[in-house]
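Here is the structure we will look at, set down as structure tokens.
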Amino acid sequence: MEKKVLWRVIVIVAVVAAAVWSLWPPSEKIHWGLDLEGGVHLVLQVQTDDAIKAELDDAAQRLVSFAADEGIDLGTTEVNAESFRFSVEVPANTDREGLDEIIGRSFPDYDVTRGGTSWILAFKPNIERLIRDQTVRQVLETINNRVDEFGVAEPVIQRQGIEGERILIQLPGVDDPERVKRIIKSTAFLEFKEVMAGPAPDRPSLLTGYAGLPPSDGEVMSGNRTGYSGEVLGRSYYLVKKSSIITGRDLRSARRSQDEYGAPNVQFDLVPSAADKFGSYTSSHIGIPMAIVLDGNVMSAPTIRAKITDSGVIEGNYSVEEAEDLALILRAGALPASMIYLEERTVGPSLGHDSVVRGVRAAVSGLIAVMLFMVVYYKRSGLNANVALMINLIILMGAMAYFGATLTLPGIAGVILTIGMAVDANVLIFERIREELRVGKTVRSAIETGFSRAFGTILDANLTTLIAALFLFQFGTGPVKGFAVTLSIGIFASVFTAVFVSRTIYMIMLAGRDRVQALSI
Amino acid sequence: MRIIGDTNIPFLSYRKIALSLSLIIIIAGLAYQFLGPGLNLGIDFVGGTQVTIKFRGEPDLDQLRDSMAGLDVGTPTLQRFDEAEKHEILIRVENPEGEEGDFTGPIIELLNRDLNTGIGDAFDLNTQGAHSLTDLLAIDDPDGTGLDEEGGAEHYGPMAEAVLSFRKENGIYTSMDQLDTIDELSDPVRVFIKGNAALGEFALLGAESVGPAVGADLKSKAQAAIGFSLVGMLIYIWLRFQLPFGVGAVAALFHDVLITLAALAVTGREINLPTVAALLALVGYSVNDSVVVFDRVRENLKLHRGEDLEQLMNTSINQTLSRTFITSGTTLMVVLSLYFFGGDVINTFAFVLLIGVIVGTYSSIFVASPVALGMHRMLASYRDKKRKKGRRRR
């Protein structure tokens, strides 16, 4: 074999070997898209306004209680979350220097405007953005924990954009998407609150002792009233203290358990510092009911019968699944802000399975049709093109595996389209060779001119397709991106195989023959 | 073997008829889109929710409609998915105006409430997952292993997975007897599941929900992708050839895209993201075709200087005619197999390519070159006038 030909063969073998090596074993190396494997794709918007409001509420309460600790009595507070500030009523005879000191010491994130009877504390510049950013990070971490606890293999949980408030979640192979969605979305903010009055069947009767309005340190909350077998009878209203005794943050662990009748409930343990606080509170409030509030809903309001220190039980007519999920999200932590769904795409595994079967069937039948045609029409040269086509497909799959690209249903369509268009380069070359042969050139020079003349055309034709594919990649999402990727790689592969591989095959066919009379084309 | 021999068809002589024909189709298509029913934009672009449900038996569409009336999200569209004997229905609703949120959840809940009345708290083989089943088995321990819950989960987990993988493959359990085909189950477990689990009437095959924010986002992205790639093509061909050819190729592109859109509008097919991907693939294909002809024109221009451009174009089209037909043919083969075997999900995608390949082949002959020729003549006469003007001034 000529040296030149040998070199070409080595290059081709190396490329194919590299492709096979990066592809093997295909079941592990090719990433299936959610639309083929089945799974859930979610885009959520974090309501960071929630966190801003919570921070302001919390700061206002803290200020009043810190001041009270130092003997300073402040009036009512008012939070204005839209303009990132809260105001507090400062009576005329207040120790203003003392108050100033408290603010300077404990509220470094706020600018103070001191009015006559009302002071305004507003976020310093950037604090708002910082809180939003932290909130999204915290949400990410919490979702990560929850998904981890639930046990989903290879989840994708990403923030969209550096400062974005959207979160993208992809969970492959999920068999109960609704359950996972519930687990991800529940805020799971757990609070234990002192009950001041209630339960009552409605708000007015609850507040009869308070002239119809809750006191400044209290708020009205409600929960389902249920019968013995768990059926909902109506709602119960409670007046509870605004400040919580302990919250979900104080939990060390939580697990599903059951009561003496076998009904599922959730048991929790507290961290040591909270256990002390809880112990001293319960021992001094025996006989008083305590509300267990989850996301603003009163789950139950048991009366404290003895000192409770480090563990407790949440009951609420749960099914096993619900108790399991509640324990899971309590373990994983509460979300600092609520979320809303912007986008959901769920593909059940059977649908994905179906798509794969049909996609492969379409690809194979298309491939066979094209290959048969090429052999019938171009005879041995058609075989040449078919070898190039097979190598093309191997390179395409290998490159996809190498780049970690995801194979989606439109991606399979891209592969199929590549099959159709890849032979175009060969067709261009073969038609050109035929033309050259017709005007009476020898086989060798016909092949020579055929390839060189067709090359420019092939380049132009493929580059334009590449332009379309690149813009598609730039602006596409998910499955469509997969299509752009396969199409782009297919373009490169087909230029290589049609121009380089086919040429080499001709060289081998003609090697060692001095005068070639005819070409099978 | 040769399908097309040496031809000498004066294609450009037919340009007036061809261009008028194309124009009529395009204008009719545009009129249909803007004055008539218009394009059927899918939820990717207008927002909305669509769930694909597989039923155990023949679904009662009226009852489904009644169930959906409980949603305050407008009238649902019910549509059969795939073959009739598969009992698969696609339910599509519009989301409340401007509102974001989870709308598949409530649909599933409603179906559950109305169709699975007798089930209560029992484990539903058709909607619940392996985790729940494992928990249930671990608690009740039908095998009598005496293991704690963690050990129980290890023992029963693979069985639960096996029960679910049957559903993953077949979409739905239609009868408890199908559990007999699952070899991983121990007999007590099989008996336990048959006795304690329930067979829900439906299974969720797929769900898609796109809120207004994402919908608007996707729409502008799709428009940008199509717009930018058209401009990119124009610039590329302008640089590689000359302006008239760029204009000719892009005119052919517009022609192909507009006619394909008209076909989509007339057939009422839904336009979603993959449809846009197919449109862009068609853009690539169509330019590809025009470029091959133009390349030949450029080559012939060098060989036969001074010859009339129209004559040269005719020669070039004839010279590349067999290639044009063969490539269209091979591409059509694969697109047809995608159209017929690819399944419902990808059918519109294949439809776009099918129309696109046919129209694209036509336009590379009857639109791209005539427009390029017209543009070339316009530019030439413009230059002529300028030159004459210049002379007069002198």
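Chain identifiers are assigned as A, B, and so on, following the order in which chains appear in the structure tokens; residues are numbered from 1 within each chain, and ligands are numbered from 1 in order of appearance.
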Contact set, chain B to chain A: 6 Å, only C-alpha atoms, as a ChimeraX atom specification: /B:1,100-102,128-129,168-169,171,205-211,221,225,229,284,288,291-292,327,330-331,333-334,337-338,341-342
Go ahead and save the picked residues with N, CA and C atoms, as a compact mmCIF listing (two decimals), in the first residue's frame.
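Below is the file result_36.txt, written as the result:
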# COMPACT_ATOMS: atom_id res chain seq x y z
N MET B 1 -26.70 2.92 -13.24
CA MET B 1 -28.09 3.34 -13.28
C MET B 1 -28.17 4.87 -13.22
N GLU B 100 -49.33 31.97 37.14
CA GLU B 100 -48.34 30.91 37.15
C GLU B 100 -48.78 29.88 38.19
N GLY B 101 -48.28 28.69 38.07
CA GLY B 101 -48.58 27.71 39.11
C GLY B 101 -48.63 26.31 38.57
N ASP B 102 -48.92 25.39 39.47
CA ASP B 102 -48.99 23.98 39.11
C ASP B 102 -50.42 23.66 38.71
N GLN B 128 -49.26 5.50 42.10
CA GLN B 128 -48.25 5.69 43.12
C GLN B 128 -46.94 5.00 42.78
N GLY B 129 -45.91 5.30 43.54
CA GLY B 129 -44.58 4.86 43.16
C GLY B 129 -44.00 3.77 44.04
N LYS B 168 -43.93 0.77 34.14
CA LYS B 168 -43.07 1.63 33.31
C LYS B 168 -43.06 1.13 31.87
N GLU B 169 -43.10 -0.19 31.69
CA GLU B 169 -43.05 -0.72 30.34
C GLU B 169 -44.39 -0.66 29.64
N GLY B 171 -47.28 0.99 30.79
CA GLY B 171 -48.09 2.20 30.96
C GLY B 171 -49.13 2.07 32.04
N LEU B 205 -49.32 9.37 31.80
CA LEU B 205 -48.23 9.08 30.86
C LEU B 205 -47.30 10.26 30.71
N GLY B 206 -47.87 11.44 30.75
CA GLY B 206 -47.03 12.62 30.59
C GLY B 206 -47.79 13.86 30.97
N ALA B 207 -47.08 14.90 31.34
CA ALA B 207 -47.75 16.15 31.68
C ALA B 207 -46.84 17.29 31.29
N GLU B 208 -47.45 18.31 30.73
CA GLU B 208 -46.67 19.49 30.41
C GLU B 208 -47.45 20.71 30.83
N SER B 209 -46.78 21.61 31.49
CA SER B 209 -47.45 22.84 31.89
C SER B 209 -46.47 23.98 31.68
N VAL B 210 -46.89 24.96 30.94
CA VAL B 210 -46.02 26.10 30.68
C VAL B 210 -46.76 27.36 31.10
N GLY B 211 -46.19 28.09 32.02
CA GLY B 211 -46.79 29.33 32.49
C GLY B 211 -46.52 30.45 31.52
N LYS B 221 -37.48 33.44 22.15
CA LYS B 221 -36.28 32.67 21.79
C LYS B 221 -36.44 32.03 20.42
N ALA B 225 -34.20 32.75 17.22
CA ALA B 225 -33.45 31.68 16.54
C ALA B 225 -33.72 31.71 15.04
N SER B 229 -30.90 33.16 12.33
CA SER B 229 -30.32 32.22 11.38
C SER B 229 -30.60 32.67 9.95
N GLY B 284 -31.91 25.07 7.10
CA GLY B 284 -30.60 24.58 6.73
C GLY B 284 -30.64 23.79 5.43
N ASN B 288 -28.92 24.77 1.80
CA ASN B 288 -28.05 23.75 1.28
C ASN B 288 -28.33 23.52 -0.21
N VAL B 291 -27.49 26.56 -2.37
CA VAL B 291 -26.05 26.77 -2.46
C VAL B 291 -25.42 25.86 -3.50
N VAL B 292 -25.90 24.63 -3.57
CA VAL B 292 -25.33 23.69 -4.55
C VAL B 292 -25.50 24.23 -5.97
N THR B 327 -30.60 13.65 -3.69
CA THR B 327 -30.54 14.06 -2.29
C THR B 327 -31.92 14.24 -1.70
N THR B 330 -33.16 10.72 -0.98
CA THR B 330 -32.67 10.03 0.22
C THR B 330 -33.20 10.72 1.48
N THR B 331 -33.24 12.06 1.44
CA THR B 331 -33.76 12.75 2.62
C THR B 331 -35.24 12.41 2.81
N MET B 333 -36.67 9.68 1.98
CA MET B 333 -36.78 8.31 2.51
C MET B 333 -36.75 8.32 4.03
N VAL B 334 -35.76 9.03 4.58
CA VAL B 334 -35.65 9.01 6.05
C VAL B 334 -36.79 9.80 6.69
N SER B 337 -39.84 7.72 6.74
CA SER B 337 -39.83 6.67 7.77
C SER B 337 -40.05 7.29 9.15
N LEU B 338 -39.58 8.52 9.33
CA LEU B 338 -39.84 9.23 10.59
C LEU B 338 -41.33 9.56 10.69
N PHE B 341 -43.17 5.92 11.06
CA PHE B 341 -42.82 5.05 12.19
C PHE B 341 -42.46 5.81 13.46
N GLY B 342 -42.27 7.11 13.38
CA GLY B 342 -41.72 7.86 14.51
C GLY B 342 -42.68 8.05 15.68
Long-range neighbours of Lys193 (chain A) as a PyMOL selection string, 8 Å cut-off, only C-alpha atoms, 5 positions minimum in chain: chain A and resi 240-246+290-293
Which of region 273-461 of chain A DSSP labels strand (DSSP E or B), written as JSON, numbers by chain: {"A": [289, 290, 291, 292, 293, 294, 297, 298, 299, 300, 303, 311, 312, 313, 314, 339, 340, 341, 342, 343, 344, 345, 346, 347, 406, 407]}
Output C-alpha atoms for every residue in the selection just made, as a compact mmCIF listing (two decimals), in the first residue's frame.
# COMPACT_ATOMS: atom_id res chain seq x y z
CA PRO A 289 -52.65 24.01 74.89
CA MET A 290 -49.85 24.45 72.38
CA ALA A 291 -50.50 24.78 68.64
CA ILE A 292 -48.34 22.85 66.18
CA VAL A 293 -48.43 24.94 63.02
CA LEU A 294 -47.19 23.80 59.62
CA ASN A 297 -52.04 25.59 59.23
CA VAL A 298 -52.74 24.38 62.75
CA MET A 299 -52.13 20.65 62.57
CA SER A 300 -53.08 19.97 66.19
CA THR A 303 -52.58 20.39 75.91
CA SER A 311 -38.65 14.96 71.49
CA GLY A 312 -42.26 15.09 70.47
CA VAL A 313 -44.92 13.90 68.07
CA ILE A 314 -46.91 15.61 65.31
CA MET A 339 -42.09 28.86 45.21
CA ILE A 340 -44.36 28.76 42.21
CA TYR A 341 -44.16 26.44 39.24
CA LEU A 342 -43.38 28.19 35.96
CA GLU A 343 -42.93 25.11 33.84
CA GLU A 344 -43.41 21.41 34.20
CA ARG A 345 -42.67 18.62 31.79
CA THR A 346 -43.27 15.12 32.96
CA VAL A 347 -42.70 12.15 30.74
CA THR A 406 -27.95 14.21 25.90
CA LEU A 407 -29.86 12.12 23.42
Gly164 (chain A) surroundings by only C-alpha atoms, 10 Å radius, close-in-sequence under 5 positions cut, as a PyMOL selection string: chain A and resi 45-46+132-133+136+159
Resulting file, chosen residues, N, CA and C atoms, as a compact mmCIF listing (two decimals), in the first residue's frame:
# COMPACT_ATOMS: atom_id res chain seq x y z
N GLN A 45 -40.04 29.33 40.38
CA GLN A 45 -39.66 30.71 40.70
C GLN A 45 -39.66 30.84 42.22
N VAL A 46 -38.53 31.29 42.77
CA VAL A 46 -38.47 31.49 44.22
C VAL A 46 -39.08 32.85 44.54
N ARG A 132 -32.09 38.32 48.86
CA ARG A 132 -32.68 37.53 47.77
C ARG A 132 -31.73 36.42 47.32
N ASP A 133 -30.46 36.81 47.18
CA ASP A 133 -29.46 35.85 46.73
C ASP A 133 -29.33 34.70 47.72
N VAL A 136 -32.28 32.30 47.56
CA VAL A 136 -32.24 31.33 46.47
C VAL A 136 -31.23 30.23 46.76
N ARG A 159 -29.54 26.71 39.52
CA ARG A 159 -30.08 28.04 39.47
C ARG A 159 -29.96 28.50 38.03
Members of region 213-288 of chain A assigned helix (DSSP H, G or I) by DSSP, as a ChimeraX atom specification: /A:248-250,272-284
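Separating CA of Asn314 (chain B) from CA of Ser381 (chain B) is a distance of 21.5 Å.
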Closest of A:Ala67, A:Leu56, A:Leu330, A:Ile143 to Phe123 (chain A) - atom-to-atom distances counting only C-alpha atoms: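 Result for the nearest residue to Phe123 (chain A): A:Leu56.
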Surrounding residues of Gly246 (chain B) excluding itself and chain neighbours under 4 positions, 6 Å, only C-alpha atoms, as JSON, numbers by chain: {"B": [234, 237, 238]}
Test item: residues at most 12 Å from Leu133 (chain B), only C-alpha atoms, excluding those fewer than 6 positions along its chain, as a PyMOL selection string: (chain A and resi 175-176+320-321) or (chain B and resi 122-127+139-141+152-153+156-164+189+192-193+196-198)
Saved selection, atoms kept: N, CA and C atoms, as a PDB file, in the first residue's frame:
ATOM      1  N   ASP A 175     -41.161   7.691  39.368  1.00  0.00           N
ATOM      2  CA  ASP A 175     -42.381   6.926  39.047  1.00  0.00           C
ATOM      3  C   ASP A 175     -43.638   7.536  39.657  1.00  0.00           C
ATOM      4  N   ASP A 176     -43.490   8.530  40.536  1.00  0.00           N
ATOM      5  CA  ASP A 176     -44.675   9.169  41.104  1.00  0.00           C
ATOM      6  C   ASP A 176     -44.449  10.684  41.112  1.00  0.00           C
ATOM      7  N   VAL A 320     -49.589   6.801  55.469  1.00  0.00           N
ATOM      8  CA  VAL A 320     -48.177   6.452  55.607  1.00  0.00           C
ATOM      9  C   VAL A 320     -47.326   7.355  54.728  1.00  0.00           C
ATOM     10  N   GLU A 321     -47.788   7.536  53.482  1.00  0.00           N
ATOM     11  CA  GLU A 321     -47.019   8.341  52.532  1.00  0.00           C
ATOM     12  C   GLU A 321     -46.880   9.776  53.020  1.00  0.00           C
TER      13      GLU A 321
ATOM     14  N   ALA B 122     -56.182   3.157  49.835  1.00  0.00           N
ATOM     15  CA  ALA B 122     -55.397   2.012  49.384  1.00  0.00           C
ATOM     16  C   ALA B 122     -54.328   2.446  48.385  1.00  0.00           C
ATOM     17  N   PHE B 123     -53.268   1.673  48.333  1.00  0.00           N
ATOM     18  CA  PHE B 123     -52.189   1.966  47.392  1.00  0.00           C
ATOM     19  C   PHE B 123     -52.676   1.753  45.964  1.00  0.00           C
ATOM     20  N   ASP B 124     -52.505   2.780  45.121  1.00  0.00           N
ATOM     21  CA  ASP B 124     -52.963   2.693  43.736  1.00  0.00           C
ATOM     22  C   ASP B 124     -51.804   2.264  42.833  1.00  0.00           C
ATOM     23  N   LEU B 125     -51.920   1.068  42.293  1.00  0.00           N
ATOM     24  CA  LEU B 125     -50.851   0.520  41.452  1.00  0.00           C
ATOM     25  C   LEU B 125     -50.574   1.384  40.232  1.00  0.00           C
ATOM     26  N   ASN B 126     -51.558   2.195  39.819  1.00  0.00           N
ATOM     27  CA  ASN B 126     -51.400   2.936  38.574  1.00  0.00           C
ATOM     28  C   ASN B 126     -50.947   4.372  38.724  1.00  0.00           C
ATOM     29  N   THR B 127     -50.953   4.893  39.943  1.00  0.00           N
ATOM     30  CA  THR B 127     -50.433   6.261  40.079  1.00  0.00           C
ATOM     31  C   THR B 127     -49.301   6.376  41.088  1.00  0.00           C
ATOM     32  N   ILE B 139     -44.004  -2.160  56.442  1.00  0.00           N
ATOM     33  CA  ILE B 139     -44.819  -2.046  57.650  1.00  0.00           C
ATOM     34  C   ILE B 139     -45.591  -3.344  57.897  1.00  0.00           C
ATOM     35  N   ASP B 140     -46.232  -3.853  56.830  1.00  0.00           N
ATOM     36  CA  ASP B 140     -47.090  -5.025  57.035  1.00  0.00           C
ATOM     37  C   ASP B 140     -46.345  -6.352  56.989  1.00  0.00           C
ATOM     38  N   ASP B 141     -45.175  -6.347  56.363  1.00  0.00           N
ATOM     39  CA  ASP B 141     -44.280  -7.507  56.357  1.00  0.00           C
ATOM     40  C   ASP B 141     -44.969  -8.819  56.014  1.00  0.00           C
ATOM     41  N   GLY B 152     -36.537  -4.124  56.268  1.00  0.00           N
ATOM     42  CA  GLY B 152     -37.716  -4.435  55.465  1.00  0.00           C
ATOM     43  C   GLY B 152     -37.652  -3.748  54.117  1.00  0.00           C
ATOM     44  N   ALA B 153     -37.194  -2.485  54.140  1.00  0.00           N
ATOM     45  CA  ALA B 153     -37.093  -1.730  52.893  1.00  0.00           C
ATOM     46  C   ALA B 153     -36.118  -2.412  51.944  1.00  0.00           C
ATOM     47  N   TYR B 156     -37.997  -5.623  50.682  1.00  0.00           N
ATOM     48  CA  TYR B 156     -39.161  -5.444  49.815  1.00  0.00           C
ATOM     49  C   TYR B 156     -38.925  -4.466  48.657  1.00  0.00           C
ATOM     50  N   GLY B 157     -37.852  -3.647  48.805  1.00  0.00           N
ATOM     51  CA  GLY B 157     -37.576  -2.643  47.769  1.00  0.00           C
ATOM     52  C   GLY B 157     -37.529  -3.214  46.354  1.00  0.00           C
ATOM     53  N   PRO B 158     -36.717  -4.266  46.131  1.00  0.00           N
ATOM     54  CA  PRO B 158     -36.627  -4.820  44.771  1.00  0.00           C
ATOM     55  C   PRO B 158     -37.970  -5.321  44.247  1.00  0.00           C
ATOM     56  N   MET B 159     -38.806  -5.858  45.153  1.00  0.00           N
ATOM     57  CA  MET B 159     -40.124  -6.334  44.707  1.00  0.00           C
ATOM     58  C   MET B 159     -40.980  -5.158  44.257  1.00  0.00           C
ATOM     59  N   ALA B 160     -40.939  -4.084  45.053  1.00  0.00           N
ATOM     60  CA  ALA B 160     -41.727  -2.906  44.685  1.00  0.00           C
ATOM     61  C   ALA B 160     -41.251  -2.350  43.344  1.00  0.00           C
ATOM     62  N   GLU B 161     -39.931  -2.337  43.168  1.00  0.00           N
ATOM     63  CA  GLU B 161     -39.375  -1.855  41.902  1.00  0.00           C
ATOM     64  C   GLU B 161     -39.878  -2.706  40.734  1.00  0.00           C
ATOM     65  N   ALA B 162     -39.932  -4.011  40.965  1.00  0.00           N
ATOM     66  CA  ALA B 162     -40.377  -4.915  39.900  1.00  0.00           C
ATOM     67  C   ALA B 162     -41.835  -4.651  39.538  1.00  0.00           C
ATOM     68  N   VAL B 163     -42.651  -4.399  40.587  1.00  0.00           N
ATOM     69  CA  VAL B 163     -44.063  -4.099  40.331  1.00  0.00           C
ATOM     70  C   VAL B 163     -44.171  -2.838  39.480  1.00  0.00           C
ATOM     71  N   LEU B 164     -43.339  -1.847  39.823  1.00  0.00           N
ATOM     72  CA  LEU B 164     -43.405  -0.584  39.092  1.00  0.00           C
ATOM     73  C   LEU B 164     -42.807  -0.685  37.701  1.00  0.00           C
ATOM     74  N   VAL B 189     -46.342 -11.840  49.189  1.00  0.00           N
ATOM     75  CA  VAL B 189     -46.370 -10.433  48.777  1.00  0.00           C
ATOM     76  C   VAL B 189     -47.386 -10.241  47.659  1.00  0.00           C
ATOM     77  N   PHE B 192     -50.703 -10.276  49.136  1.00  0.00           N
ATOM     78  CA  PHE B 192     -50.910  -9.042  49.902  1.00  0.00           C
ATOM     79  C   PHE B 192     -51.260  -7.879  48.986  1.00  0.00           C
ATOM     80  N   ILE B 193     -50.507  -7.743  47.902  1.00  0.00           N
ATOM     81  CA  ILE B 193     -50.778  -6.623  46.992  1.00  0.00           C
ATOM     82  C   ILE B 193     -52.156  -6.772  46.368  1.00  0.00           C
ATOM     83  N   ASN B 196     -54.668  -5.820  49.110  1.00  0.00           N
ATOM     84  CA  ASN B 196     -54.657  -4.508  49.755  1.00  0.00           C
ATOM     85  C   ASN B 196     -54.494  -3.327  48.810  1.00  0.00           C
ATOM     86  N   ALA B 197     -53.885  -3.571  47.664  1.00  0.00           N
ATOM     87  CA  ALA B 197     -53.702  -2.451  46.745  1.00  0.00           C
ATOM     88  C   ALA B 197     -54.950  -2.306  45.874  1.00  0.00           C
ATOM     89  N   ALA B 198     -55.027  -1.185  45.180  1.00  0.00           N
ATOM     90  CA  ALA B 198     -56.178  -0.963  44.309  1.00  0.00           C
ATOM     91  C   ALA B 198     -55.688  -0.704  42.898  1.00  0.00           C
TER      92      ALA B 198
END
For Gly75 (chain A): contacts at 12 Å, only C-alpha atoms, fewer than 3 positions along chain excluded, given as a list in words: Ala60, Gln61, Leu63, Val64, Ser65, Ala67, Ala68, Ile72, Glu78, Ser87, Val88, Glu89, Val90, Pro91, Ala92, Asn93, Thr94, Thr117, Ser118, Trp119, Ser216 and Asp217 of chain A
Å distance separating CA of Val191 (chain B) from CA of His87 (chain B), one decimal place: 28.1 Å
For Pro96 (chain B), list every protein, DNA or RNA residue within 10 Å, evaluated using only C-alpha atoms, and leave out those in the same chain fewer than 4 positions away; present the list as a PDB file with N, CA and C atoms, in the first residue's frame.
ATOM      1  N   GLY B  47     -48.688  29.065  26.530  1.00  0.00           N
ATOM      2  CA  GLY B  47     -48.897  28.657  27.901  1.00  0.00           C
ATOM      3  C   GLY B  47     -50.095  27.736  27.989  1.00  0.00           C
ATOM      4  N   GLY B  48     -50.159  26.973  29.042  1.00  0.00           N
ATOM      5  CA  GLY B  48     -51.267  26.044  29.195  1.00  0.00           C
ATOM      6  C   GLY B  48     -50.768  24.735  29.784  1.00  0.00           C
ATOM      7  N   ASP B  72     -61.223  25.786  37.409  1.00  0.00           N
ATOM      8  CA  ASP B  72     -61.579  27.094  36.866  1.00  0.00           C
ATOM      9  C   ASP B  72     -60.519  27.532  35.865  1.00  0.00           C
ATOM     10  N   VAL B  73     -60.274  26.685  34.892  1.00  0.00           N
ATOM     11  CA  VAL B  73     -59.229  27.001  33.915  1.00  0.00           C
ATOM     12  C   VAL B  73     -59.757  26.923  32.488  1.00  0.00           C
ATOM     13  N   GLY B  74     -61.036  27.209  32.294  1.00  0.00           N
ATOM     14  CA  GLY B  74     -61.547  27.210  30.923  1.00  0.00           C
ATOM     15  C   GLY B  74     -61.908  25.814  30.446  1.00  0.00           C
ATOM     16  N   GLU B 100     -49.326  31.975  37.142  1.00  0.00           N
ATOM     17  CA  GLU B 100     -48.340  30.910  37.151  1.00  0.00           C
ATOM     18  C   GLU B 100     -48.776  29.881  38.186  1.00  0.00           C
ATOM     19  N   GLY B 101     -48.284  28.694  38.071  1.00  0.00           N
ATOM     20  CA  GLY B 101     -48.576  27.715  39.105  1.00  0.00           C
ATOM     21  C   GLY B 101     -48.632  26.305  38.571  1.00  0.00           C
ATOM     22  N   PHE B 103     -50.645  23.384  37.438  1.00  0.00           N
ATOM     23  CA  PHE B 103     -51.998  23.081  37.006  1.00  0.00           C
ATOM     24  C   PHE B 103     -52.180  21.607  36.669  1.00  0.00           C
ATOM     25  N   GLY B 211     -46.186  28.092  32.016  1.00  0.00           N
ATOM     26  CA  GLY B 211     -46.793  29.330  32.490  1.00  0.00           C
ATOM     27  C   GLY B 211     -46.521  30.455  31.518  1.00  0.00           C
ATOM     28  N   PRO B 212     -47.191  31.596  31.704  1.00  0.00           N
ATOM     29  CA  PRO B 212     -47.035  32.715  30.770  1.00  0.00           C
ATOM     30  C   PRO B 212     -45.590  33.228  30.677  1.00  0.00           C
TER      31      PRO B 212
END
Nearest residue to Ile259 (chain B) from the set B:Leu185, B:Leu30, B:Ala372, B:Leu78 (distances using only C-alpha atoms):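 For Ile259 (chain B), the nearest of the given residues is B:Leu30.
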